[in-house]
Amino acid sequence: FLIDNSDSIPNWVLRNQKFFLAFLAGYIDAEGNFNVDHGWSRFSLSTYQENIIRQIHEELNKYGLLCPKPYISVHAGYVDRRGVVTRKDLWTIRVNRQSSMVKLYQIAAPYMKHANRLRDAKISYETAKILAS
C-alpha cells in the first residue's frame, strides 16, 4: 500500500491499533526525527503527503498525544542553497510536550526497526521522562 503513492492511510490500517502503530513506526523510521534541543525532547515528521500527515495527527490525538496541527515547513518553489527546488509543500508535524514524547516512544518504539532512529528515540524518551515527572 505504500508503493501506490496515495495520500491516504488505508482504512484497514486506521481501524486496527497494531496496524496503525506499525504504519506509524515505518513512517517514523523513514521520515521522522527525534532529538534533544536545548535540553528538551522533540520529535518531527515531515512528508509531502498532506492528508497522511493530517491523519497521523488525528490518530496521535486519539492516543492522548498533544501536538500542534501540521504545518507547511517548506513551501513549494523554495530553492535551497544548492539550487534544489522543492516541487510541493513539505508538511510537518511536531511533538514538543514531554509527556507526549514519553507516550510516543511507548507506542511507536516496539514497532520501529531503524537502529539510528531507535537510538535517538531512546535518548529523547529518557530526557522526556525526567522532564515530564
# chains A, B, ... in the order shown; residues from 1 in each chain; ligands from 1
>>> closest_atom_pairs(of="stretch 59-125 of chain A", to="stretch 13-20 of chain A", cutoff="12 Å", atoms="only C-alpha atoms", output="CSV")
residue,atom,partner,partner_atom,distance
A:Glu59,CA,A:Leu14,CA,8.2
A:Leu60,CA,A:Phe20,CA,10.3
A:Lys62,CA,A:Gln17,CA,10.9
A:Tyr63,CA,A:Gln17,CA,10.1
A:Ile107,CA,A:Lys18,CA,9.6
A:Ala108,CA,A:Phe20,CA,9.7
A:Pro110,CA,A:Lys18,CA,10.5
A:Tyr111,CA,A:Lys18,CA,9.0
>>> write_last_selection(atoms="N, CA and C atoms", output="PDB file, in the first residue's frame")
ATOM      1  N   GLU A  59      -4.806  10.701  14.603  1.00  0.00           N
ATOM      2  CA  GLU A  59      -4.635   9.460  15.357  1.00  0.00           C
ATOM      3  C   GLU A  59      -3.799   9.683  16.619  1.00  0.00           C
ATOM      4  N   LEU A  60      -2.746  10.481  16.510  1.00  0.00           N
ATOM      5  CA  LEU A  60      -1.929  10.754  17.698  1.00  0.00           C
ATOM      6  C   LEU A  60      -2.755  11.409  18.787  1.00  0.00           C
ATOM      7  N   LYS A  62      -5.867  10.887  19.314  1.00  0.00           N
ATOM      8  CA  LYS A  62      -6.686   9.815  19.897  1.00  0.00           C
ATOM      9  C   LYS A  62      -5.905   9.034  20.951  1.00  0.00           C
ATOM     10  N   TYR A  63      -4.592   8.967  20.787  1.00  0.00           N
ATOM     11  CA  TYR A  63      -3.737   8.277  21.746  1.00  0.00           C
ATOM     12  C   TYR A  63      -3.318   9.181  22.896  1.00  0.00           C
ATOM     13  N   ILE A 107       4.415   3.937  22.438  1.00  0.00           N
ATOM     14  CA  ILE A 107       3.542   3.293  21.457  1.00  0.00           C
ATOM     15  C   ILE A 107       4.251   2.952  20.151  1.00  0.00           C
ATOM     16  N   ALA A 108       5.279   3.714  19.781  1.00  0.00           N
ATOM     17  CA  ALA A 108       5.910   3.508  18.478  1.00  0.00           C
ATOM     18  C   ALA A 108       7.178   2.658  18.533  1.00  0.00           C
ATOM     19  N   PRO A 110       8.188  -0.064  20.017  1.00  0.00           N
ATOM     20  CA  PRO A 110       8.138  -1.521  19.840  1.00  0.00           C
ATOM     21  C   PRO A 110       8.018  -1.954  18.378  1.00  0.00           C
ATOM     22  N   TYR A 111       7.585  -1.061  17.501  1.00  0.00           N
ATOM     23  CA  TYR A 111       7.399  -1.383  16.088  1.00  0.00           C
ATOM     24  C   TYR A 111       8.516  -0.823  15.193  1.00  0.00           C
TER      25      TYR A 111
END
>>> closest_residue(among="A:His38, A:Lys69, A:Lys129, A:His114", to="A:Arg54", atoms="only C-alpha atoms")
A:Lys69
>>> residues_around(residues="A:Gly64", least_positions_apart="4", cutoff="12 Å", atoms="only C-alpha atoms", output="number ranges by chain")
A: 57-60, 95, 97, 99-104, 107
>>> closest_residue(among="A:Gln49, A:Gln55, A:Asn61, A:Ser124", to="A:Asp89", atoms="only C-alpha atoms")
A:Gln49
>>> residues_around(residues="A:Glu31", least_positions_apart="2", cutoff="8 Å", atoms="only C-alpha atoms", output="ChimeraX atom specification")
/A:27-29,33,45-47
>>> select_by_dssp(residues="chain A", states="strand (DSSP E or B)", output="PyMOL selection string")
chain A and resi 32-37+40-47+71-74+79+85+90-95
>>> closest_residue(among="A:Ala115, A:Leu131, A:Val79, A:Ile123", to="A:Asn35", atoms="only C-alpha atoms")
A:Ile123
>>> residues_around(residues="A:Ile9", least_positions_apart="2", cutoff="9 Å", atoms="only C-alpha atoms", output="list in words")
Phe1, Leu2, Ser6, Asp7, Asn11, Trp12, Val13, Leu14, Phe20, Phe23, Asn51, Ile52, Gln55 and Ile56 of chain A
>>> closest_residue(among="A:Leu90, A:His75, A:Arg81, A:Leu65", to="A:Glu50", atoms="only C-alpha atoms")
A:Leu90
>>> decode(residues="stretch 67-81 of chain A", atoms="all heavy atoms", output="CSV table (one decimal), in the first residue's frame")
chain,number,residue,atom,x,y,z
A,67,CYS,N,-0.2,17.6,20.3
A,67,CYS,CA,0.8,18.2,19.4
A,67,CYS,C,0.1,19.3,18.5
A,67,CYS,O,-1.1,19.1,18.3
A,67,CYS,CB,1.5,17.2,18.6
A,67,CYS,SG,0.5,16.0,17.8
A,68,PRO,N,0.9,20.3,18.1
A,68,PRO,CA,0.3,21.3,17.2
A,68,PRO,C,-0.2,20.7,15.9
A,68,PRO,O,0.3,19.6,15.5
A,68,PRO,CB,1.5,22.2,17.0
A,68,PRO,CG,2.5,21.9,18.0
A,68,PRO,CD,2.3,20.5,18.4
A,69,LYS,N,-1.1,21.4,15.3
A,69,LYS,CA,-1.6,20.9,14.0
A,69,LYS,C,-0.4,20.9,12.9
A,69,LYS,O,0.5,21.7,13.1
A,69,LYS,CB,-2.7,21.9,13.4
A,69,LYS,CG,-3.9,21.8,14.2
A,69,LYS,CD,-5.0,22.7,13.6
A,69,LYS,CE,-6.3,22.6,14.4
A,69,LYS,NZ,-7.3,23.4,13.9
A,70,PRO,N,-0.5,20.0,11.9
A,70,PRO,CA,0.5,20.0,10.9
A,70,PRO,C,0.6,21.4,10.2
A,70,PRO,O,-0.4,22.1,10.1
A,70,PRO,CB,0.0,19.0,9.9
A,70,PRO,CG,-1.0,18.2,10.7
A,70,PRO,CD,-1.6,19.0,11.7
A,71,TYR,N,1.8,21.7,9.7
A,71,TYR,CA,2.0,23.0,9.1
A,71,TYR,C,3.0,22.8,7.9
A,71,TYR,O,3.7,21.8,7.9
A,71,TYR,CB,2.6,24.0,10.1
A,71,TYR,CG,3.9,23.6,10.6
A,71,TYR,CD1,5.1,24.2,10.0
A,71,TYR,CD2,4.1,22.8,11.7
A,71,TYR,CE1,6.3,23.8,10.5
A,71,TYR,CE2,5.3,22.5,12.2
A,71,TYR,CZ,6.4,23.0,11.6
A,71,TYR,OH,7.7,22.6,12.1
A,72,ILE,N,3.0,23.7,7.0
A,72,ILE,CA,3.9,23.7,5.9
A,72,ILE,C,5.3,24.2,6.4
A,72,ILE,O,5.4,25.4,6.7
A,72,ILE,CB,3.4,24.5,4.7
A,72,ILE,CG1,2.1,24.0,4.2
A,72,ILE,CG2,4.5,24.5,3.6
A,72,ILE,CD1,1.4,24.8,3.2
A,73,SER,N,6.3,23.3,6.4
A,73,SER,CA,7.6,23.8,6.8
A,73,SER,C,8.5,24.3,5.7
A,73,SER,O,9.4,25.0,5.9
A,73,SER,CB,8.3,22.6,7.6
A,73,SER,OG,8.4,21.5,6.8
A,74,VAL,N,8.2,23.8,4.5
A,74,VAL,CA,8.9,24.3,3.3
A,74,VAL,C,7.9,24.4,2.2
A,74,VAL,O,7.2,23.5,1.8
A,74,VAL,CB,10.0,23.3,2.8
A,74,VAL,CG1,10.7,23.9,1.6
A,74,VAL,CG2,11.1,23.1,3.9
A,75,HIS,N,7.7,25.6,1.7
A,75,HIS,CA,6.7,25.9,0.6
A,75,HIS,C,7.2,25.4,-0.8
A,75,HIS,O,8.4,25.5,-1.1
A,75,HIS,CB,6.4,27.4,0.6
A,75,HIS,CG,5.6,27.8,1.7
A,75,HIS,ND1,4.2,27.7,1.8
A,75,HIS,CD2,5.9,28.4,2.9
A,75,HIS,CE1,3.8,28.1,2.9
A,75,HIS,NE2,4.8,28.5,3.7
A,76,ALA,N,6.3,25.0,-1.6
A,76,ALA,CA,6.6,24.6,-3.0
A,76,ALA,C,7.3,25.8,-3.6
A,76,ALA,O,6.9,27.0,-3.4
A,76,ALA,CB,5.3,24.2,-3.7
A,77,GLY,N,8.3,25.5,-4.4
A,77,GLY,CA,9.0,26.6,-5.1
A,77,GLY,C,10.3,27.1,-4.4
A,77,GLY,O,11.1,27.8,-5.0
A,78,TYR,N,10.4,26.7,-3.2
A,78,TYR,CA,11.6,27.1,-2.4
A,78,TYR,C,12.9,26.5,-3.1
A,78,TYR,O,12.9,25.3,-3.5
A,78,TYR,CB,11.6,26.6,-1.0
A,78,TYR,CG,12.8,26.8,-0.2
A,78,TYR,CD1,13.2,28.1,0.2
A,78,TYR,CD2,13.7,25.8,0.0
A,78,TYR,CE1,14.3,28.3,1.0
A,78,TYR,CE2,14.9,26.0,0.8
A,78,TYR,CZ,15.2,27.2,1.2
A,78,TYR,OH,16.4,27.5,1.9
A,79,VAL,N,13.9,27.3,-3.2
A,79,VAL,CA,15.2,26.9,-3.8
A,79,VAL,C,16.2,26.9,-2.7
A,79,VAL,O,16.5,28.0,-2.2
A,79,VAL,CB,15.6,27.8,-5.0
A,79,VAL,CG1,16.9,27.3,-5.6
A,79,VAL,CG2,14.5,27.8,-6.1
A,80,ASP,N,16.8,25.8,-2.4
A,80,ASP,CA,17.9,25.8,-1.4
A,80,ASP,C,19.2,26.3,-1.9
A,80,ASP,O,19.3,26.6,-3.1
A,80,ASP,CB,18.0,24.5,-0.7
A,80,ASP,CG,18.6,23.4,-1.5
A,80,ASP,OD1,19.2,23.7,-2.6
A,80,ASP,OD2,18.6,22.2,-1.1
A,81,ARG,N,20.2,26.4,-1.1
A,81,ARG,CA,21.5,27.0,-1.5
A,81,ARG,C,22.2,26.1,-2.5
A,81,ARG,O,23.1,26.6,-3.2
A,81,ARG,CB,22.4,27.2,-0.3
A,81,ARG,CG,22.7,26.0,0.5
A,81,ARG,CD,23.5,26.2,1.7
A,81,ARG,NE,23.4,25.0,2.5
A,81,ARG,CZ,24.0,24.8,3.6
A,81,ARG,NH1,24.7,25.7,4.1
A,81,ARG,NH2,23.9,23.7,4.2
